[in-house]
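Source file: protein.cif (mmCIF, C-alpha atoms)
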data_my_file
#
loop_
_atom_site.label_atom_id
_atom_site.label_comp_id
_atom_site.auth_asym_id
_atom_site.auth_seq_id
_atom_site.Cartn_x
_atom_site.Cartn_y
_atom_site.Cartn_z
CA MET A 919 62.18 37.85 -47.54
CA ILE A 920 64.18 34.65 -47.55
CA ASP A 921 64.14 32.98 -44.16
CA LYS A 922 65.30 29.37 -43.98
CA PHE A 923 64.83 29.07 -40.23
CA VAL A 924 62.24 26.56 -39.12
CA ARG A 925 60.53 26.86 -35.73
CA SER A 926 60.45 23.25 -34.60
CA MET A 927 62.20 19.92 -34.94
CA ALA A 928 59.04 18.47 -36.50
CA GLU A 929 59.23 21.13 -39.21
CA ALA A 930 62.94 20.42 -39.70
CA MET A 931 62.31 16.68 -40.16
CA ASN A 932 59.18 17.06 -42.26
CA GLY A 933 59.08 14.84 -45.34
CA ILE A 934 62.06 12.56 -44.65
CA ARG A 935 60.92 9.30 -46.19
CA ASP A 936 61.54 5.65 -45.51
CA GLY A 937 64.39 4.35 -47.66
CA SER A 938 66.25 7.68 -47.70
CA THR A 939 70.02 8.03 -47.89
CA ILE A 940 71.10 10.29 -45.01
CA LEU A 941 74.45 12.10 -45.02
CA ILE A 942 75.80 12.46 -41.46
CA PRO A 943 78.97 14.49 -40.88
CA GLY A 944 81.23 14.28 -37.87
CA PHE A 945 84.55 12.84 -36.78
CA GLY A 946 84.40 11.14 -33.39
CA GLU A 947 81.16 13.12 -32.91
CA VAL A 948 82.97 16.43 -33.41
CA GLY A 949 80.78 18.14 -36.00
CA GLN A 950 78.05 15.50 -35.74
CA PRO A 951 74.49 16.98 -35.77
CA ASN A 952 73.23 15.17 -32.68
CA ALA A 953 70.12 17.31 -32.18
CA LEU A 954 68.95 16.54 -35.72
CA LEU A 955 69.78 12.84 -35.26
CA GLU A 956 67.66 12.89 -32.12
CA GLY A 957 64.92 14.42 -34.29
CA LEU A 958 65.35 11.69 -36.91
CA ILE A 959 65.04 9.00 -34.24
CA GLU A 960 61.77 10.67 -33.12
CA GLN A 961 60.53 11.24 -36.67
CA GLY A 962 60.55 7.52 -37.42
CA ALA A 963 61.83 7.13 -41.00
CA THR A 964 63.18 3.64 -41.49
CA ASN A 965 65.02 1.43 -44.02
CA LEU A 966 67.66 4.16 -44.13
CA THR A 967 71.11 4.20 -45.69
CA LEU A 968 73.53 6.17 -43.52
CA VAL A 969 76.64 7.78 -44.98
CA VAL A 970 78.90 8.47 -42.03
CA ASN A 971 82.67 8.37 -41.48
CA SER A 972 82.47 5.96 -38.56
CA ALA A 973 79.58 3.58 -37.93
CA GLY A 974 80.05 3.85 -34.17
CA ARG A 975 82.25 3.25 -31.18
CA VAL A 976 83.59 0.14 -29.55
CA LEU A 977 81.24 -1.15 -26.86
CA PRO A 978 82.03 -3.11 -23.75
CA PRO A 979 80.11 -6.42 -23.82
CA GLY A 980 76.50 -5.94 -22.74
CA ALA A 981 76.64 -2.14 -22.90
CA PRO A 982 73.78 -0.23 -24.56
CA PRO A 983 74.39 1.38 -27.96
CA ASN A 984 76.67 4.39 -27.63
CA GLY A 985 75.88 7.38 -29.83
CA HIS A 986 73.08 8.37 -32.19
CA VAL A 987 74.22 6.31 -35.19
CA ALA A 988 74.37 3.19 -33.01
CA ARG A 989 70.92 4.00 -31.61
CA LEU A 990 69.41 4.28 -35.10
CA ILE A 991 70.98 0.92 -36.02
CA ASP A 992 69.87 -0.69 -32.76
CA ALA A 993 66.31 0.53 -33.37
CA GLY A 994 66.29 -1.42 -36.67
CA ARG A 995 65.98 1.73 -38.75
CA VAL A 996 69.07 1.27 -40.90
CA LYS A 997 69.51 -1.17 -43.81
CA LYS A 998 72.96 -0.04 -44.89
CA VAL A 999 75.93 2.04 -43.79
CA ILE A 1000 78.48 3.53 -46.18
CA THR A 1001 81.47 4.33 -43.99
CA SER A 1002 85.23 4.09 -43.51
CA PHE A 1003 85.09 2.32 -40.12
CA VAL A 1004 82.98 -0.55 -38.83
CA ARG A 1005 84.45 -1.65 -35.53
CA ALA A 1006 83.95 -5.34 -34.73
CA ASN A 1007 82.93 -4.65 -31.13
CA SER A 1008 80.34 -1.99 -31.87
CA THR A 1009 76.58 -2.01 -32.43
CA ALA A 1010 77.16 -1.78 -36.19
CA GLY A 1011 79.75 -4.58 -36.08
CA ALA A 1012 77.34 -6.87 -34.22
CA TRP A 1013 74.50 -6.13 -36.67
CA VAL A 1014 76.78 -6.74 -39.68
CA LYS A 1015 77.96 -10.02 -38.16
CA ALA A 1016 74.34 -11.07 -37.59
CA GLY A 1017 73.53 -10.34 -41.25
CA LYS A 1018 71.04 -7.62 -40.29
CA LEU A 1019 73.00 -4.63 -41.61
CA GLU A 1020 74.79 -4.13 -44.91
CA ALA A 1021 78.11 -2.30 -44.67
CA GLU A 1022 80.04 -0.72 -47.54
CA VAL A 1023 83.42 0.10 -46.00
CA ILE A 1024 85.54 2.38 -48.17
CA PRO A 1025 88.62 4.59 -47.84
CA GLN A 1026 87.91 7.86 -46.04
CA GLY A 1027 89.25 10.03 -48.86
CA THR A 1028 87.18 8.13 -51.41
CA LEU A 1029 84.15 8.66 -49.17
CA ALA A 1030 84.84 12.41 -49.02
CA GLU A 1031 85.53 12.68 -52.75
CA ARG A 1032 82.38 10.70 -53.69
CA ILE A 1033 80.35 13.15 -51.60
CA ARG A 1034 82.16 16.19 -53.02
CA ALA A 1035 81.63 14.83 -56.56
CA ALA A 1036 77.91 14.45 -55.91
CA GLY A 1037 77.68 18.06 -54.78
CA ALA A 1038 79.68 19.26 -57.78
CA GLY A 1039 77.75 17.32 -60.45
CA VAL A 1040 80.54 14.84 -61.19
CA PRO A 1041 78.87 11.42 -61.60
CA ALA A 1042 82.01 9.32 -61.22
CA PHE A 1043 85.80 9.49 -61.12
CA PHE A 1044 88.89 7.29 -61.22
CA THR A 1045 91.29 7.13 -58.27
CA PRO A 1046 94.39 5.06 -57.45
CA THR A 1047 93.22 4.75 -53.83
CA GLY A 1048 92.07 1.18 -53.23
CA ALA A 1049 93.59 -0.30 -56.39
CA ASN A 1050 94.99 -3.81 -55.79
CA THR A 1051 92.93 -4.14 -52.60
CA LEU A 1052 89.61 -5.64 -51.54
CA VAL A 1053 88.08 -2.20 -52.16
CA ALA A 1054 88.65 -2.67 -55.91
CA GLU A 1055 86.47 -5.80 -56.14
CA GLY A 1056 83.82 -5.44 -58.84
CA LYS A 1057 85.03 -2.01 -59.93
CA GLU A 1058 86.26 -0.94 -63.37
CA VAL A 1059 90.06 -0.51 -63.47
CA ARG A 1060 91.94 1.76 -65.87
CA GLU A 1061 95.55 2.79 -65.91
CA TYR A 1062 96.34 6.52 -65.70
CA ASN A 1063 99.88 7.92 -65.34
CA GLY A 1064 101.17 4.36 -65.12
CA ARG A 1065 99.04 3.47 -62.10
CA PRO A 1066 95.93 1.32 -61.85
CA CYS A 1067 92.89 3.41 -60.90
CA ILE A 1068 89.40 2.30 -59.93
CA LEU A 1069 86.06 3.82 -60.87
CA GLU A 1070 84.16 5.34 -57.96
CA LEU A 1071 80.63 6.74 -58.15
CA ALA A 1072 79.30 10.01 -56.74
CA LEU A 1073 77.45 9.62 -53.44
CA PRO A 1074 74.51 12.01 -53.12
CA GLY A 1075 72.12 12.06 -50.17
CA ASP A 1076 68.38 12.44 -50.14
CA VAL A 1077 68.97 14.34 -46.92
CA ALA A 1078 72.06 15.94 -45.35
CA LEU A 1079 71.99 16.73 -41.65
CA ILE A 1080 74.51 19.48 -40.86
CA GLU A 1081 76.01 20.92 -37.67
CA ALA A 1082 76.98 24.59 -37.95
CA TRP A 1083 78.44 26.92 -35.37
CA SER A 1084 76.76 30.00 -36.80
CA ALA A 1085 74.15 30.69 -39.48
CA ASP A 1086 72.18 33.60 -40.98
CA ARG A 1087 68.68 33.48 -42.50
CA TRP A 1088 70.00 32.89 -46.02
CA GLY A 1089 71.78 29.76 -44.79
CA ASN A 1090 75.35 31.03 -44.89
CA LEU A 1091 77.31 28.88 -42.47
CA VAL A 1092 80.52 28.80 -40.49
CA PHE A 1093 81.82 25.86 -38.50
CA ARG A 1094 83.99 25.62 -35.43
CA ASP A 1095 87.53 24.32 -35.71
CA SER A 1096 87.76 20.64 -36.67
CA ALA A 1097 83.95 20.34 -36.50
CA ARG A 1098 83.97 21.51 -40.12
CA ASN A 1099 85.08 18.08 -41.46
CA PHE A 1100 82.33 16.55 -43.65
CA ASN A 1101 79.80 19.36 -43.08
CA PRO A 1102 80.49 21.61 -46.11
CA ILE A 1103 80.66 18.76 -48.65
CA MET A 1104 77.61 16.98 -47.24
CA ALA A 1105 75.67 20.26 -47.34
CA MET A 1106 76.50 20.39 -51.08
CA ALA A 1107 75.55 16.75 -51.70
CA GLY A 1108 72.16 16.69 -49.96
CA ARG A 1109 69.00 17.06 -52.04
CA LEU A 1110 67.43 18.35 -48.82
CA THR A 1111 70.00 19.98 -46.52
CA ILE A 1112 68.90 20.57 -42.94
CA VAL A 1113 71.17 22.50 -40.57
CA GLN A 1114 71.32 22.73 -36.81
CA THR A 1115 73.16 25.81 -35.60
CA ALA A 1116 74.30 26.89 -32.16
CA HIS A 1117 74.29 30.59 -33.06
CA VAL A 1118 72.16 32.83 -35.25
CA VAL A 1119 73.53 36.02 -36.77
CA ASP A 1120 72.07 38.80 -38.90
CA LEU A 1121 72.59 38.83 -42.64
CA GLY A 1122 75.99 40.36 -43.35
CA GLN A 1123 77.47 39.54 -39.96
CA ILE A 1124 79.39 36.68 -41.54
CA PRO A 1125 81.71 38.66 -43.86
CA ALA A 1126 81.49 37.40 -47.44
CA ASN A 1127 85.20 36.54 -47.31
CA GLU A 1128 84.56 34.24 -44.35
CA VAL A 1129 81.46 32.30 -45.40
CA ILE A 1130 82.41 28.61 -45.50
CA THR A 1131 79.15 27.15 -46.81
CA PRO A 1132 77.06 29.63 -48.85
CA GLY A 1133 73.30 29.49 -48.37
CA ILE A 1134 72.62 28.08 -51.83
CA PHE A 1135 73.46 24.65 -50.38
CA VAL A 1136 71.08 25.00 -47.41
CA ASP A 1137 67.32 24.42 -47.25
CA ARG A 1138 66.30 24.51 -43.58
CA ILE A 1139 67.95 25.74 -40.39
CA LEU A 1140 67.02 24.96 -36.80
CA ARG A 1141 68.56 26.76 -33.85
CA VAL A 1142 69.62 24.38 -31.08
CA PRO A 1143 71.46 24.87 -27.79
CA ALA A 1144 75.25 24.70 -28.16
CA ASN A 1145 76.36 21.33 -26.81
CA GLU A 1146 79.94 20.23 -26.53
CA PRO A 1147 80.89 17.31 -28.73
CA VAL A 1148 81.18 14.00 -26.93
CA LEU A 1149 84.38 12.08 -27.54
CA PRO A 1150 85.02 8.35 -27.33
CA GLY A 1151 85.68 7.30 -23.77
CA GLN A 1152 83.56 10.05 -22.30
CA GLY A 1153 80.72 7.62 -21.90
CA SER A 1154 77.67 9.62 -22.98
CA ASN A 1155 74.82 7.47 -24.18
CA SER A 1156 72.82 10.19 -25.86
CA MET B 960 122.95 -19.74 -31.85
CA SER B 961 123.78 -17.82 -28.73
CA GLU B 962 121.84 -14.58 -28.22
CA THR B 963 123.66 -11.41 -27.39
CA ALA B 964 122.04 -8.93 -25.02
CA PHE B 965 119.85 -6.40 -26.76
CA LYS B 966 116.86 -4.28 -25.85
CA PRO B 967 114.16 -3.77 -28.50
CA LEU B 968 112.87 -0.22 -28.89
CA GLY B 969 109.52 0.47 -27.25
CA ARG B 970 106.75 2.56 -28.76
CA ASN B 971 108.39 5.85 -27.83
CA GLY B 972 111.81 4.58 -28.86
CA MET B 973 110.56 3.77 -32.34
CA ALA B 974 108.77 7.12 -32.55
CA ALA B 975 111.91 8.98 -31.47
CA ARG B 976 114.04 7.14 -34.02
CA ALA B 977 111.67 8.00 -36.87
CA ALA B 978 111.44 11.64 -35.70
CA LEU B 979 115.23 12.01 -36.17
CA ASP B 980 114.78 11.63 -39.94
CA ILE B 981 112.01 14.19 -40.51
CA PRO B 982 113.53 17.50 -41.68
CA GLU B 983 112.25 21.03 -41.22
CA GLY B 984 109.70 22.10 -43.80
CA TRP B 985 108.01 18.78 -44.44
CA TYR B 986 104.24 18.41 -44.40
CA VAL B 987 103.62 15.16 -42.54
CA ASN B 988 100.62 13.00 -41.65
CA LEU B 989 101.07 10.74 -38.63
CA GLY B 990 98.81 7.69 -38.47
CA ILE B 991 96.95 6.37 -35.45
CA GLY B 992 99.01 4.55 -32.80
CA ILE B 993 102.81 4.72 -32.60
CA PRO B 994 103.13 7.22 -35.49
CA THR B 995 101.09 9.80 -33.52
CA LEU B 996 103.80 9.71 -30.83
CA ILE B 997 106.39 10.97 -33.34
CA ALA B 998 105.11 14.55 -32.95
CA ASP B 999 106.30 14.57 -29.32
CA HIS B 1000 109.85 13.80 -30.48
CA ILE B 1001 110.20 16.57 -33.06
CA PRO B 1002 111.96 19.53 -31.39
CA ALA B 1003 109.71 22.61 -31.14
CA GLU B 1004 112.19 24.77 -33.08
CA ARG B 1005 112.10 22.39 -36.09
CA GLU B 1006 109.15 23.57 -38.21
CA VAL B 1007 107.45 20.38 -39.35
CA ILE B 1008 103.79 20.86 -40.27
CA ILE B 1009 101.54 18.07 -39.08
CA HIS B 1010 98.42 17.25 -41.10
CA SER B 1011 95.49 15.46 -39.54
CA GLU B 1012 92.98 14.00 -41.99
CA ASN B 1013 89.94 15.36 -40.14
CA GLY B 1014 90.85 18.76 -41.54
CA VAL B 1015 93.63 20.24 -39.40
CA LEU B 1016 96.86 21.45 -40.99
CA GLY B 1017 99.43 22.57 -38.42
CA VAL B 1018 98.50 20.36 -35.47
CA GLY B 1019 100.13 21.48 -32.22
CA PRO B 1020 100.63 19.80 -28.84
CA ALA B 1021 97.88 18.33 -26.66
CA GLN B 1022 95.51 20.78 -24.99
CA GLU B 1023 96.19 22.03 -21.49
CA ALA B 1024 93.61 20.71 -19.03
CA HIS B 1025 92.48 24.19 -17.99
CA ARG B 1026 91.85 25.31 -21.58
CA PRO B 1027 89.73 22.55 -23.10
CA ASN B 1028 88.39 22.86 -26.65
CA PRO B 1029 86.32 19.80 -27.57
CA TRP B 1030 85.90 21.08 -31.14
CA LEU B 1031 89.57 20.60 -31.93
CA VAL B 1032 90.70 16.98 -32.22
CA ASN B 1033 93.18 15.02 -34.30
CA ALA B 1034 92.58 11.85 -36.31
CA SER B 1035 92.86 9.78 -33.12
CA THR B 1036 90.10 12.05 -31.64
CA HIS B 1037 92.61 13.30 -29.07
CA ARG B 1038 92.12 16.92 -28.08
CA VAL B 1039 94.93 18.92 -29.63
CA THR B 1040 95.87 22.52 -30.43
CA ILE B 1041 96.57 24.26 -33.71
CA ARG B 1042 99.81 26.15 -34.27
CA PRO B 1043 99.95 29.79 -35.38
CA GLY B 1044 99.88 29.54 -39.18
CA GLY B 1045 97.64 26.49 -39.12
CA ALA B 1046 94.42 26.07 -41.07
CA PHE B 1047 91.13 24.23 -40.82
CA VAL B 1048 89.75 22.70 -44.01
CA ASP B 1049 86.85 20.45 -44.91
CA HIS B 1050 87.26 16.72 -45.49
CA ALA B 1051 87.48 16.95 -49.28
CA ASP B 1052 90.25 19.55 -49.10
CA SER B 1053 91.99 17.57 -46.38
CA PHE B 1054 92.05 14.49 -48.58
CA ALA B 1055 93.03 16.60 -51.58
CA MET B 1056 96.20 17.30 -49.58
CA VAL B 1057 96.60 13.53 -49.17
CA ARG B 1058 95.48 12.22 -52.56
CA GLY B 1059 96.85 15.13 -54.57
CA GLY B 1060 100.42 14.29 -53.56
CA HIS B 1061 100.97 17.34 -51.35
CA LEU B 1062 102.21 15.55 -48.23
CA ASP B 1063 105.98 15.02 -48.09
CA LEU B 1064 105.51 12.05 -45.80
CA CYS B 1065 102.99 9.91 -44.06
CA VAL B 1066 103.96 7.54 -41.30
CA LEU B 1067 101.62 4.60 -40.77
CA GLY B 1068 101.39 1.72 -38.39
CA GLY B 1069 101.65 -1.71 -39.98
CA PHE B 1070 100.81 -5.39 -39.61
CA GLN B 1071 103.05 -6.55 -42.44
CA VAL B 1072 105.39 -5.05 -45.04
CA ALA B 1073 106.64 -6.99 -48.05
CA GLU B 1074 109.98 -6.65 -49.80
CA ASN B 1075 108.30 -5.01 -52.82
CA GLY B 1076 106.83 -2.29 -50.56
CA ASP B 1077 103.32 -3.76 -50.23
CA LEU B 1078 101.64 -2.73 -46.97
CA ALA B 1079 98.98 -4.53 -44.93
CA ASN B 1080 97.71 -2.49 -41.99
CA TRP B 1081 93.90 -2.56 -41.83
CA ALA B 1082 92.59 -6.14 -41.60
CA HIS B 1083 93.72 -9.62 -40.58
CA SER B 1084 91.45 -11.39 -43.08
CA ALA B 1085 89.07 -10.63 -45.92
CA THR B 1086 86.05 -11.72 -43.92
CA GLU B 1087 86.27 -10.20 -40.43
CA ALA B 1088 83.13 -8.39 -39.25
CA GLY B 1089 84.99 -5.23 -38.29
CA ARG B 1090 86.44 -3.30 -41.19
CA GLN B 1091 88.52 -0.26 -40.39
CA ILE B 1092 90.04 1.34 -43.45
CA GLY B 1093 89.90 4.97 -42.35
CA GLY B 1094 92.36 7.12 -44.28
CA ALA B 1095 95.13 4.52 -44.58
CA MET B 1096 94.56 3.60 -48.25
CA ASP B 1097 94.41 7.25 -49.30
CA LEU B 1098 97.58 8.08 -47.36
CA ALA B 1099 99.51 5.03 -48.59
CA VAL B 1100 98.76 5.89 -52.22
CA GLY B 1101 98.85 9.68 -52.04
CA ALA B 1102 101.79 10.80 -49.92
CA LYS B 1103 105.19 11.42 -51.58
CA ARG B 1104 106.82 9.02 -49.08
CA VAL B 1105 105.31 6.31 -46.91
CA TRP B 1106 107.15 5.11 -43.82
CA VAL B 1107 105.88 2.38 -41.52
CA VAL B 1108 106.55 2.10 -37.79
CA MET B 1109 105.84 -1.28 -36.20
CA GLU B 1110 107.13 -4.04 -33.93
CA HIS B 1111 109.59 -6.19 -35.85
CA ASN B 1112 107.66 -9.37 -34.93
CA THR B 1113 104.19 -10.28 -33.72
CA LYS B 1114 103.55 -11.09 -30.07
CA ASP B 1115 103.96 -14.76 -31.03
CA GLY B 1116 107.30 -14.04 -32.68
CA ALA B 1117 106.04 -14.36 -36.26
CA PRO B 1118 107.78 -12.14 -38.81
CA ARG B 1119 106.15 -9.00 -40.18
CA ILE B 1120 108.98 -8.29 -42.64
CA LEU B 1121 107.83 -10.62 -45.42
CA LYS B 1122 108.36 -11.76 -48.99
CA HIS B 1123 104.60 -11.28 -49.59
CA CYS B 1124 101.91 -9.87 -47.33
CA ALA B 1125 99.45 -12.50 -46.11
CA TYR B 1126 96.84 -10.01 -44.87
CA PRO B 1127 94.63 -7.86 -47.16
CA LEU B 1128 96.65 -5.04 -48.70
CA THR B 1129 96.31 -1.37 -47.82
CA ALA B 1130 98.19 -0.47 -50.99
CA ALA B 1131 100.71 -2.09 -53.31
CA ARG B 1132 104.38 -1.01 -53.56
CA CYS B 1133 103.93 2.07 -51.41
CA VAL B 1134 106.38 1.76 -48.48
CA SER B 1135 109.86 3.26 -48.78
CA ARG B 1136 111.13 2.80 -45.21
CA VAL B 1137 110.29 0.75 -42.12
CA TYR B 1138 111.18 1.61 -38.52
CA THR B 1139 110.83 -1.45 -36.31
CA SER B 1140 111.64 -2.27 -32.71
CA LEU B 1141 114.91 -3.79 -33.97
CA ALA B 1142 116.02 -1.95 -37.11
CA VAL B 1143 115.53 0.63 -39.80
CA LEU B 1144 115.01 -0.88 -43.26
CA ASP B 1145 114.83 0.78 -46.66
CA VAL B 1146 112.62 -0.79 -49.33
CA THR B 1147 114.50 -0.76 -52.62
CA GLU B 1148 114.54 -2.46 -56.01
CA ARG B 1149 116.79 -5.11 -54.39
CA GLY B 1150 114.39 -5.60 -51.49
CA PHE B 1151 115.03 -4.67 -47.85
CA ILE B 1152 118.31 -2.90 -47.09
CA VAL B 1153 119.31 -2.60 -43.43
CA VAL B 1154 120.06 1.02 -42.53
CA ASP B 1155 120.37 0.62 -38.78
CA ILE B 1156 120.24 -2.15 -36.17
CA ILE B 1157 119.74 -1.64 -32.44
CA PRO B 1158 122.89 -2.14 -30.32
CA GLY B 1159 123.67 -5.74 -29.38
CA LEU B 1160 121.79 -7.38 -32.26
CA SER B 1161 123.70 -8.84 -35.20
CA PHE B 1162 122.68 -8.76 -38.87
CA GLU B 1163 122.24 -12.56 -38.74
CA GLU B 1164 120.01 -12.32 -35.67
CA LEU B 1165 117.90 -9.65 -37.41
CA GLN B 1166 117.65 -11.87 -40.50
CA ALA B 1167 116.49 -14.78 -38.32
CA ARG B 1168 113.55 -12.62 -37.19
CA SER B 1169 112.58 -11.65 -40.74
CA GLU B 1170 111.07 -13.74 -43.51
CA ALA B 1171 112.26 -11.60 -46.40
CA THR B 1172 115.93 -11.65 -47.31
CA LEU B 1173 117.73 -8.64 -45.85
CA HIS B 1174 120.61 -6.92 -47.58
CA ARG B 1175 123.55 -5.03 -46.09
CA ALA B 1176 123.78 -1.34 -46.96
#
Before we go any further, please render this structure as structure tokens.
Amino acid sequence: MIDKFVRSMAEAMNGIRDGSTILIPGFGEVGQPNALLEGLIEQGATNLTLVVNSAGRVLPPGAPPNGHVARLIDAGRVKKVITSFVRANSTAGAWVKAGKLEAEVIPQGTLAERIRAAGAGVPAFFTPTGANTLVAEGKEVREYNGRPCILELALPGDVALIEAWSADRWGNLVFRDSARNFNPIMAMAGRLTIVQTAHVVDLGQIPANEVITPGIFVDRILRVPANEPVLPGQGSNS
Amino acid sequence: MSETAFKPLGRNGMAARAALDIPEGWYVNLGIGIPTLIADHIPAEREVIIHSENGVLGVGPAQEAHRPNPWLVNASTHRVTIRPGGAFVDHADSFAMVRGGHLDLCVLGGFQVAENGDLANWAHSATEAGRQIGGAMDLAVGAKRVWVVMEHNTKDGAPRILKHCAYPLTAARCVSRVYTSLAVLDVTERGFIVVDIIPGLSFEELQARSEATLHRA
């Protein structure tokens, strides 16, 4: 019998190595797998590359790091972020400024498409997004349909950490509202895809017509309590 | 030169002016800042479908306080609703709507717009520590039309309507129309054409606040 559920966070995090590229979904923490990020902080892997839409929130001067991505950076566990936002007044911004963190800041759609391409076996693609801008520096340019296009590479992860609303033992997943965001494509692009889910359902309870991420993209699932996403300005530090 | 009395449009004034020109049936992405306010100025009976790049098609009004849903936010991470007929999609599909040319319009904020349609709206220099591209480059390249809403001048009075953008570009030759606190300008082969000026401001006074040469319609 296939059963992808693991019984503990330690089991969920087992084998994540130093130097890994970690795919982290979420948009303003909606859809961000905070329980698994907590587990990653505990687990201790370091020298990580994080692929995440935003590298963290603006911080008032002197405030502690806000959010799990900022905490990983502040703990010295991250060598690089690949992201569409690095805010100057954030933990990531301060670390970049100090030369202690590398940041590859790219258009959000290019980020999504590089991840999707990785999951779909497309090694690279050309896109007009970013042509004639700083994003194009060092990239091959070709003209298609009369427009300059730049070469972008697929962006796979060694590990994808996923937040689902509901899951069955085969790893079929559904997401809640706008918490879907990067979750389905990151699940596809992770060599090891680990899911936290708020709800567990029996096989067949998610109708085949309504499965968003099929279990083929999922390796491990951990049930966690359903926590509401924390939005900027709400001040949570966890 | 004596100044006549005029009152520049505020953030909501600019948003309301841009909203007038968005017809029923368009699929529209509204950028962070002033453009987000445009949704409040589109009459409820006019069916305009708002796309938010975090995967919401058919964004509705803000949530009511007694019915919170923290899982449903827009690109500004404001809690919003979804209209009947709306759809949630993942980020790749959301940006396929953007990059695949399916949006009739995106409205972006701006720092500078040049007379050839170049847009700068994400950075003040090539070297600043913060870099916030977000979805702006995808939207500027992918949407069928790109409008910009911004103050006509900087806080220091410097022009934003330029011959060439000084800041790093978001995309080249992408803007077709600009709504400012003082005027509505079309970007054409001839450069900027003035569509509309706020009451009490003359063409010459508008030109004096712009670096690029303006043309009469």
Legend entry - Residue IDs satisfying the PyMOL selection byres ((chain A) within 9 of (chain B)), as a PyMOL selection string: chain A and resi 945-946+948-949+971-972+1001-1008+1010-1012+1014-1015+1023-1031+1033-1034+1045-1052+1094-1103+1146-1150
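With atom CA of Gly994 of chain A on one side and atom CA of Gly944 of chain A on the other, the separation reads 21.7 Å.
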Inset, instruction - For the structure shown, which residues end up in the PyMOL selection byres ((chain B and resi 1152) around 9)? Put them as a ChimeraX atom specification, please? - result: /B:1143-1147,1149-1151,1153-1154,1173-1176
Inset, instruction - May I ask for the distance between atom CA of Ala1167 of chain B and atom CA of Gly990 of chain B, given in Å to one decimal place? - result: 28.6 Å
Inset, instruction - Show me as a ChimeraX atom specification the residues that reach within 7 Å of (98.6, 21.8, -40.5), counting all atoms listed in the file and using the file's own coordinates. - result: /B:1008-1010,1015-1018,1045-1046
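We find atom CA of Ile1156 of chain B and atom CA of Glu1074 of chain B to be spaced 17.6 Å apart.
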Inset, instruction - Taking the file above as input, evaluate the PyMOL selection byres ((chain A and resi 1108) around 12) and report the hits as JSON, numbers by chain. - result: {"A": [938, 939, 940, 941, 942, 943, 969, 1033, 1034, 1035, 1036, 1037, 1038, 1039, 1072, 1073, 1074, 1075, 1076, 1077, 1078, 1079, 1080, 1100, 1101, 1102, 1103, 1104, 1105, 1106, 1107, 1109, 1110, 1111, 1112, 1113, 1134, 1135, 1136, 1137, 1138]}
Legend entry - Spatial neighbours of Lys1018 of chain A, max dist 12 Å, only C-alpha atoms, sep filter under 6 positions, as a ChimeraX atom specification: /A:965,991-999,1009-1012
Could segment 1088-1096 of chain B be completed with N, CA, C and O atoms and written as a short mmCIF file (atom, residue, chain, number, x, y, z; two decimals), keeping the file's coordinate frame, please?
data_model
loop_
_atom_site.label_atom_id
_atom_site.label_comp_id
_atom_site.auth_asym_id
_atom_site.auth_seq_id
_atom_site.Cartn_x
_atom_site.Cartn_y
_atom_site.Cartn_z
N ALA B 1088 84.33 -9.23 -39.33
CA ALA B 1088 83.13 -8.39 -39.25
C ALA B 1088 83.50 -6.91 -39.14
O ALA B 1088 82.85 -6.05 -39.74
N GLY B 1089 84.53 -6.61 -38.38
CA GLY B 1089 84.99 -5.23 -38.29
C GLY B 1089 85.83 -4.90 -39.50
O GLY B 1089 86.65 -5.71 -39.92
N ARG B 1090 85.59 -3.75 -40.09
CA ARG B 1090 86.44 -3.30 -41.19
C ARG B 1090 86.80 -1.86 -40.91
O ARG B 1090 85.92 -1.00 -40.80
N GLN B 1091 88.08 -1.59 -40.75
CA GLN B 1091 88.52 -0.26 -40.39
C GLN B 1091 89.57 0.22 -41.38
O GLN B 1091 90.75 -0.01 -41.18
N ILE B 1092 89.10 0.85 -42.44
CA ILE B 1092 90.04 1.34 -43.45
C ILE B 1092 90.51 2.74 -43.09
O ILE B 1092 91.68 3.07 -43.16
N GLY B 1093 89.55 3.59 -42.67
CA GLY B 1093 89.90 4.97 -42.35
C GLY B 1093 90.59 5.64 -43.52
O GLY B 1093 90.22 5.43 -44.68
N GLY B 1094 91.64 6.41 -43.23
CA GLY B 1094 92.36 7.12 -44.28
C GLY B 1094 93.61 6.41 -44.78
O GLY B 1094 94.34 6.96 -45.60
N ALA B 1095 93.84 5.17 -44.30
CA ALA B 1095 95.13 4.52 -44.58
C ALA B 1095 95.38 4.30 -46.07
O ALA B 1095 96.49 4.52 -46.56
N MET B 1096 94.34 3.87 -46.81
CA MET B 1096 94.56 3.60 -48.25
C MET B 1096 94.85 4.88 -49.02
O MET B 1096 95.67 4.89 -49.94
#
